[in-house]
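Enquirer: Right, I'll just put the structure down here and ask away after.
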Amino acid sequence: MRVLALVGAGILVLMIVVAVVVLGPRATVAESATPTATIVAPSTPTLTPTPSVASSSAAPTSPQRDLASLLRPLVASWRPAAPVLLVERSDNPGATLLAVPIAGGPATPLVALPSVVDLGYELRNDGSALAAALPITTNTSRIAIWEPASGTTRWLTAEEPGVMHITPIWSEDGSLIYYAASAFNAQINRMMDLGIFSVRADGKLKTRVRAPEENGAQLRGITPDGHGLWWDRIRAGGAVEVLDLASGQNHSFDETTTARVLSWRRAQPRALVMVGGCCAGRPGGSLALWDDTTGSSKTMVGPQSTPPAAVISAAWEPNGARFAAVVLAGLGYLGSVVIYGADGQRMAPVAGTDDAQEVLWLPPGIAVKRVMPTGGMEIVLIPPSGETLVLYRDARSFFIRSIAAP
């Protein structure tokens, strides 16, 4: 089961000054450095400045930290026996990644992450390995792997002083990891985009799959067929890009507007894209259906709907025949869930979903994250028939990262 496109604040990668935060006692881990691999590329493009990021120093000055101080596993051995939601809970500083069973039961805290979680991480879709970008020194980060079943951690990418490795994403079959890279240029006091790379899960065969571009990239996921890399350009509000991994051809959603993918299905047109809703003011935007191969799109829900609506989260039904969306109520910041047909026709509201923030449509039912009247947040599962099941509650802020299944 591939990672779903989830709602949350867009990742604006923190490459200004990366502060390394020690989260607690060192875990017992096996640490190994990966030899530097050769970058395979048709040519070496001229480095392109990334205007949205900068640094305050010309060279790394922060003390270097070892892997055990950066990534702290909270379980000695774990693997999902059944599908789980991966929930990121804010701990201020840092965050904890938890596994919440979809069938019900207690959540399992998996790993404590440093405060700079915006560098990106992803659990492989079978739950067998976590790839995380971790800050080493100022302007330097590298990617590490944690294998929950064995409890071991190791470095995946070699350390390159002054180079940031960020937003690691697993390939559909789990054999490769894709990531974006940038380097600090002391002459202009800026980070320079280096492109998008792939590397095998054993750290070998590092390959550039996309040349540098003006703004730099942050990776989001893999398309449902495993053939496209979903990414966006680093800019206010985000953008939507899909790189065809076989041909190298890139497909962009409307580059003149703020957009992000909320959910994918297998059949084209397959992407539900939220358009607008950037940066300040009331959240939410229009919801468009996008064919990322032809570039065509159609607005499904928005100001022209009856009644007019703004959407903050949406998810396809597992078979792609319908979708559920969190629609804002009046002028509020929270909404409720409404079901629509694949053509955008409003079908029915879902009872018991007031004050919703996120929605997922899972095989056993619709999962909704909502704010509780007494404070805090909860995730509830609403089956087609039967009673609503509370999956997780917490007084602290959290959001749903993805799904893992054995």
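Ligands are numbered from 1 in the order shown, chains are lettered A, B, ... in the order of the structure tokens, and residues start at 1 in each chain.
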Identify, on the basis of only C-alpha atoms, every residue whose closest approach to range 339-352 of chain A does not exceed 9 Å; exclude the query and any residue fewer than 4 positions from it along the same chain; express the result as a ChimeraX atom specification.
Expert: /A:289,299-301,305-306,316,320-325,382,388
Enquirer: Using only C-alpha atoms, which residues sit within 7 Å of range 353-362 of chain A once same-chain residues fewer than 3 positions away are excluded, as a VMD selection string?
Expert: chain A and resid 7 313 to 318 325 to 326 334 to 337 350 365 to 371
Enquirer: Could you save the residues just selected, with C-alpha atoms, as a PDB file, in the first residue's frame?
Expert:
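Here's the written file out.pdb:
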ATOM      1  CA  VAL A   7      -2.828  17.212   4.459  1.00  0.00           C
ATOM      2  CA  SER A 313      -8.321  17.949   2.971  1.00  0.00           C
ATOM      3  CA  ALA A 314      -9.475  15.287   0.526  1.00  0.00           C
ATOM      4  CA  ALA A 315      -8.976  11.566  -0.076  1.00  0.00           C
ATOM      5  CA  TRP A 316     -10.007   9.092  -2.757  1.00  0.00           C
ATOM      6  CA  GLU A 317     -12.074   6.041  -1.901  1.00  0.00           C
ATOM      7  CA  PRO A 318      -9.726   3.002  -2.190  1.00  0.00           C
ATOM      8  CA  ALA A 325     -13.358  16.128   1.429  1.00  0.00           C
ATOM      9  CA  VAL A 326     -13.167  18.283   4.551  1.00  0.00           C
ATOM     10  CA  LEU A 334     -12.494  23.708  10.748  1.00  0.00           C
ATOM     11  CA  GLY A 335     -14.924  21.765   8.614  1.00  0.00           C
ATOM     12  CA  SER A 336     -16.877  18.565   8.197  1.00  0.00           C
ATOM     13  CA  VAL A 337     -16.598  15.668   5.763  1.00  0.00           C
ATOM     14  CA  VAL A 350     -20.740  12.260   6.796  1.00  0.00           C
ATOM     15  CA  GLY A 365     -13.965   3.153   6.574  1.00  0.00           C
ATOM     16  CA  ILE A 366     -13.324   6.892   6.609  1.00  0.00           C
ATOM     17  CA  ALA A 367     -10.690   8.092   9.086  1.00  0.00           C
ATOM     18  CA  VAL A 368     -11.057  11.674  10.309  1.00  0.00           C
ATOM     19  CA  LYS A 369      -8.746  13.774  12.453  1.00  0.00           C
ATOM     20  CA  ARG A 370     -10.766  16.358  14.339  1.00  0.00           C
ATOM     21  CA  VAL A 371     -10.484  18.813  17.218  1.00  0.00           C
TER      22      VAL A 371
END
Enquirer: Between A:Ala129, A:Thr153, A:Ala107, A:Gly248, single out the one closest to Leu71 in chain A, counting only C-alpha atoms.
Expert: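 The answer is A:Thr153, which sits nearest to Leu71 in chain A.
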Enquirer: Within 7 Å of Leu70 in chain A, counting only C-alpha atoms, which residues qualify if same-chain residues fewer than 2 places away don't, as a list of chain:residue names?
Expert: A:Val22, A:Asp66, A:Leu67, A:Ala68, A:Arg72, A:Pro114, A:Leu134
Enquirer: Find the residues of range 129-202 of chain A that sit at most 12 Å from range 91-105 of chain A; for each, write down the nearest two atoms and how far apart they are in Å, to one decimal. Count only C-alpha atoms. Sort by chain, then by number going up, and give it as a tab-separated table.
Expert:
residue	atom	partner	partner_atom	distance
A:Leu130	CA	A:Leu97	CA	10.6
A:Ala132	CA	A:Leu97	CA	11.8
A:Pro148	CA	A:Ala99	CA	11.8
Enquirer: I'd like the interatomic distance between CA of Arg270 in chain A and CA of Asp291 in chain A, to a tenth of an Å.
Expert: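 Separation between CA of Arg270 in chain A and CA of Asp291 in chain A: 6.0 Å.
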Enquirer: Find the residues around Ala82 in chain A up to 10 Å (only C-alpha atoms counted), leave out those fewer than 2 positions away in its own chain, and share them as a VMD selection string.
Expert: chain A and resid 79 to 80 84 101 to 103 126 404 to 406
Enquirer: Store the residues picked out above, limited to all heavy atoms, as a PDB file, in the first residue's frame.
Expert:
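So out_39.pdb came out as:
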ATOM      1  N   ARG A  79       7.626  -4.430  13.898  1.00  0.00           N
ATOM      2  CA  ARG A  79       7.175  -4.494  12.514  1.00  0.00           C
ATOM      3  C   ARG A  79       5.656  -4.519  12.529  1.00  0.00           C
ATOM      4  O   ARG A  79       5.054  -5.074  13.458  1.00  0.00           O
ATOM      5  CB  ARG A  79       7.735  -5.707  11.777  1.00  0.00           C
ATOM      6  CG  ARG A  79       7.257  -7.056  12.290  1.00  0.00           C
ATOM      7  CD  ARG A  79       7.889  -8.178  11.470  1.00  0.00           C
ATOM      8  NE  ARG A  79       9.334  -8.169  11.581  1.00  0.00           N
ATOM      9  CZ  ARG A  79      10.135  -8.881  10.792  1.00  0.00           C
ATOM     10  NH1 ARG A  79       9.632  -9.619   9.820  1.00  0.00           N
ATOM     11  NH2 ARG A  79      11.436  -8.833  10.949  1.00  0.00           N
ATOM     12  N   PRO A  80       5.008  -3.891  11.549  1.00  0.00           N
ATOM     13  CA  PRO A  80       3.537  -3.863  11.583  1.00  0.00           C
ATOM     14  C   PRO A  80       2.950  -5.238  11.281  1.00  0.00           C
ATOM     15  O   PRO A  80       3.290  -5.873  10.277  1.00  0.00           O
ATOM     16  CB  PRO A  80       3.188  -2.857  10.480  1.00  0.00           C
ATOM     17  CG  PRO A  80       4.357  -2.881   9.551  1.00  0.00           C
ATOM     18  CD  PRO A  80       5.557  -3.157  10.392  1.00  0.00           C
ATOM     19  N   VAL A  84      -1.251   0.258   9.744  1.00  0.00           N
ATOM     20  CA  VAL A  84      -1.182   1.274  10.791  1.00  0.00           C
ATOM     21  C   VAL A  84      -1.130   2.660  10.156  1.00  0.00           C
ATOM     22  O   VAL A  84      -0.653   2.831   9.027  1.00  0.00           O
ATOM     23  CB  VAL A  84       0.049   1.089  11.707  1.00  0.00           C
ATOM     24  CG1 VAL A  84      -0.043  -0.210  12.489  1.00  0.00           C
ATOM     25  CG2 VAL A  84       1.354   1.153  10.902  1.00  0.00           C
ATOM     26  N   PRO A 101      -2.737   1.500  15.186  1.00  0.00           N
ATOM     27  CA  PRO A 101      -3.414   0.416  14.459  1.00  0.00           C
ATOM     28  C   PRO A 101      -4.764   0.863  13.909  1.00  0.00           C
ATOM     29  O   PRO A 101      -5.573   1.445  14.631  1.00  0.00           O
ATOM     30  CB  PRO A 101      -3.575  -0.676  15.522  1.00  0.00           C
ATOM     31  CG  PRO A 101      -2.556  -0.366  16.569  1.00  0.00           C
ATOM     32  CD  PRO A 101      -2.437   1.125  16.577  1.00  0.00           C
ATOM     33  N   ILE A 102      -5.015   0.595  12.630  1.00  0.00           N
ATOM     34  CA  ILE A 102      -6.288   0.968  12.024  1.00  0.00           C
ATOM     35  C   ILE A 102      -7.432   0.133  12.583  1.00  0.00           C
ATOM     36  O   ILE A 102      -8.577   0.582  12.647  1.00  0.00           O
ATOM     37  CB  ILE A 102      -6.192   0.836  10.491  1.00  0.00           C
ATOM     38  CG1 ILE A 102      -5.223   1.888   9.947  1.00  0.00           C
ATOM     39  CG2 ILE A 102      -7.557   0.996   9.836  1.00  0.00           C
ATOM     40  CD1 ILE A 102      -4.936   1.765   8.466  1.00  0.00           C
ATOM     41  N   ALA A 103      -7.130  -1.075  13.025  1.00  0.00           N
ATOM     42  CA  ALA A 103      -8.156  -1.941  13.599  1.00  0.00           C
ATOM     43  C   ALA A 103      -8.454  -1.596  15.052  1.00  0.00           C
ATOM     44  O   ALA A 103      -9.360  -2.175  15.655  1.00  0.00           O
ATOM     45  CB  ALA A 103      -7.719  -3.402  13.489  1.00  0.00           C
ATOM     46  N   ASP A 126       6.096  -0.798   3.718  1.00  0.00           N
ATOM     47  CA  ASP A 126       5.863  -2.016   4.493  1.00  0.00           C
ATOM     48  C   ASP A 126       6.309  -1.879   5.947  1.00  0.00           C
ATOM     49  O   ASP A 126       6.251  -2.834   6.722  1.00  0.00           O
ATOM     50  CB  ASP A 126       6.568  -3.212   3.844  1.00  0.00           C
ATOM     51  CG  ASP A 126       8.088  -3.054   3.796  1.00  0.00           C
ATOM     52  OD1 ASP A 126       8.604  -2.006   4.246  1.00  0.00           O
ATOM     53  OD2 ASP A 126       8.764  -3.978   3.296  1.00  0.00           O
ATOM     54  N   ALA A 404       1.320   2.469   6.730  1.00  0.00           N
ATOM     55  CA  ALA A 404       2.228   1.347   6.500  1.00  0.00           C
ATOM     56  C   ALA A 404       1.459   0.055   6.691  1.00  0.00           C
ATOM     57  O   ALA A 404       0.570  -0.028   7.544  1.00  0.00           O
ATOM     58  CB  ALA A 404       3.425   1.410   7.429  1.00  0.00           C
ATOM     59  N   ALA A 405       1.777  -0.947   5.891  1.00  0.00           N
ATOM     60  CA  ALA A 405       1.101  -2.234   5.987  1.00  0.00           C
ATOM     61  C   ALA A 405       2.085  -3.349   5.646  1.00  0.00           C
ATOM     62  O   ALA A 405       2.959  -3.158   4.788  1.00  0.00           O
ATOM     63  CB  ALA A 405      -0.090  -2.288   5.043  1.00  0.00           C
ATOM     64  N   PRO A 406       1.998  -4.510   6.324  1.00  0.00           N
ATOM     65  CA  PRO A 406       2.928  -5.603   6.040  1.00  0.00           C
ATOM     66  C   PRO A 406       2.713  -6.175   4.641  1.00  0.00           C
ATOM     67  O   PRO A 406       1.635  -6.009   4.058  1.00  0.00           O
ATOM     68  CB  PRO A 406       2.595  -6.633   7.120  1.00  0.00           C
ATOM     69  CG  PRO A 406       1.181  -6.317   7.528  1.00  0.00           C
ATOM     70  CD  PRO A 406       1.025  -4.846   7.351  1.00  0.00           C
TER      71      PRO A 406
END
Enquirer: What's the separation between CA of Tyr392 in chain A and CA of Met274 in chain A, in Å to one decimal place?
Expert: 26.5 Å
Enquirer: Pick out each residue of range 120-310 of chain A that DSSP on the backbone tags as strand (DSSP E); I need them as a PyMOL selection string.
Expert: chain A and resi 121-123+130-137+140-147+152-155+163-170+176-185+190-200+207-210+217-222+228-233+241-244+250-252+259-264+271-275+286-290+297-301
Enquirer: Neighbours of Asp254 in chain A within 9 Å (only C-alpha atoms; same-chain residues fewer than 3 positions away dropped), as a PDB file with all heavy atoms, in the first residue's frame?
Expert:
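Written out: selection_16.pdb:
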ATOM      1  N   ALA A 239       4.187  24.082  -4.946  1.00  0.00           N
ATOM      2  CA  ALA A 239       3.839  23.831  -6.335  1.00  0.00           C
ATOM      3  C   ALA A 239       3.692  22.326  -6.501  1.00  0.00           C
ATOM      4  O   ALA A 239       3.986  21.568  -5.584  1.00  0.00           O
ATOM      5  CB  ALA A 239       4.919  24.377  -7.264  1.00  0.00           C
ATOM      6  N   VAL A 240       3.229  21.892  -7.652  1.00  0.00           N
ATOM      7  CA  VAL A 240       3.030  20.464  -7.900  1.00  0.00           C
ATOM      8  C   VAL A 240       3.762  20.072  -9.171  1.00  0.00           C
ATOM      9  O   VAL A 240       3.501  20.625 -10.247  1.00  0.00           O
ATOM     10  CB  VAL A 240       1.530  20.108  -8.020  1.00  0.00           C
ATOM     11  CG1 VAL A 240       1.363  18.639  -8.373  1.00  0.00           C
ATOM     12  CG2 VAL A 240       0.801  20.429  -6.720  1.00  0.00           C
ATOM     13  N   THR A 257       0.096  29.459  -9.841  1.00  0.00           N
ATOM     14  CA  THR A 257      -0.737  29.441  -8.644  1.00  0.00           C
ATOM     15  C   THR A 257      -0.158  28.521  -7.580  1.00  0.00           C
ATOM     16  O   THR A 257       0.661  27.643  -7.866  1.00  0.00           O
ATOM     17  CB  THR A 257      -2.170  28.975  -8.988  1.00  0.00           C
ATOM     18  OG1 THR A 257      -3.021  29.132  -7.855  1.00  0.00           O
ATOM     19  CG2 THR A 257      -2.177  27.517  -9.414  1.00  0.00           C
ATOM     20  N   THR A 258      -0.568  28.744  -6.344  1.00  0.00           N
ATOM     21  CA  THR A 258      -0.211  27.872  -5.237  1.00  0.00           C
ATOM     22  C   THR A 258      -1.024  26.585  -5.323  1.00  0.00           C
ATOM     23  O   THR A 258      -2.232  26.622  -5.552  1.00  0.00           O
ATOM     24  CB  THR A 258      -0.505  28.579  -3.900  1.00  0.00           C
ATOM     25  OG1 THR A 258       0.323  29.733  -3.795  1.00  0.00           O
ATOM     26  CG2 THR A 258      -0.257  27.657  -2.729  1.00  0.00           C
ATOM     27  N   ALA A 259      -0.371  25.455  -5.141  1.00  0.00           N
ATOM     28  CA  ALA A 259      -1.095  24.184  -5.254  1.00  0.00           C
ATOM     29  C   ALA A 259      -0.358  23.092  -4.503  1.00  0.00           C
ATOM     30  O   ALA A 259       0.864  23.160  -4.316  1.00  0.00           O
ATOM     31  CB  ALA A 259      -1.245  23.789  -6.720  1.00  0.00           C
ATOM     32  N   GLY A 295      -1.794  17.089 -18.621  1.00  0.00           N
ATOM     33  CA  GLY A 295      -1.789  18.438 -18.075  1.00  0.00           C
ATOM     34  C   GLY A 295      -3.162  19.041 -17.910  1.00  0.00           C
ATOM     35  O   GLY A 295      -3.293  20.159 -17.405  1.00  0.00           O
TER      36      GLY A 295
END
Enquirer: Measuring atom to atom with only C-alpha atoms, identify which of A:Trp78, A:Phe184, A:Trp230, A:Tyr179 is nearest to Trp146 in chain A.
Expert: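 Among the listed residues, A:Trp78 lies closest to Trp146 in chain A.
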Enquirer: Provide the CA of Ala144 in chain A to CA of Pro106 in chain A distance in Å, to one decimal place.
Expert: 27.7 Å
Enquirer: If you count only C-alpha atoms, which residues fall within 12 Å of Leu156 in chain A, apart from same-chain ones fewer than 3 positions away, as a ChimeraX atom specification?
Expert: /A:31-37,67,129-134,141-146,153,159,165,168,176-179,198-206
Enquirer: Run DSSP on the backbone and give me the residues of range 64-194 of chain A it puts in helix (DSSP H, G or I), as a ChimeraX atom specification.
Expert: /A:67-70,117-119
Enquirer: Could you write out the selected residues, including C-alpha atoms, as a PDB file, in the first residue's frame?
Expert:
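The resulting file, result-v9.pdb, is reproduced below:
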ATOM      1  CA  LEU A  67      23.954   9.281  14.545  1.00  0.00           C
ATOM      2  CA  ALA A  68      22.949   8.069  17.997  1.00  0.00           C
ATOM      3  CA  SER A  69      22.402  11.656  19.151  1.00  0.00           C
ATOM      4  CA  LEU A  70      20.232  12.528  16.174  1.00  0.00           C
ATOM      5  CA  VAL A 117      11.984  17.486  11.151  1.00  0.00           C
ATOM      6  CA  ASP A 118      11.309  19.654   8.105  1.00  0.00           C
ATOM      7  CA  LEU A 119      14.394  18.169   6.469  1.00  0.00           C
TER       8      LEU A 119
END
Enquirer: For Glu172 in chain A, please output as an NGL selection string all residues within 10 Å (counting only C-alpha atoms; exclusion window: fewer than 3 positions along the same chain).
Expert: :A and (1-3 or 124-125 or 169 or 175-177 or 221-228)
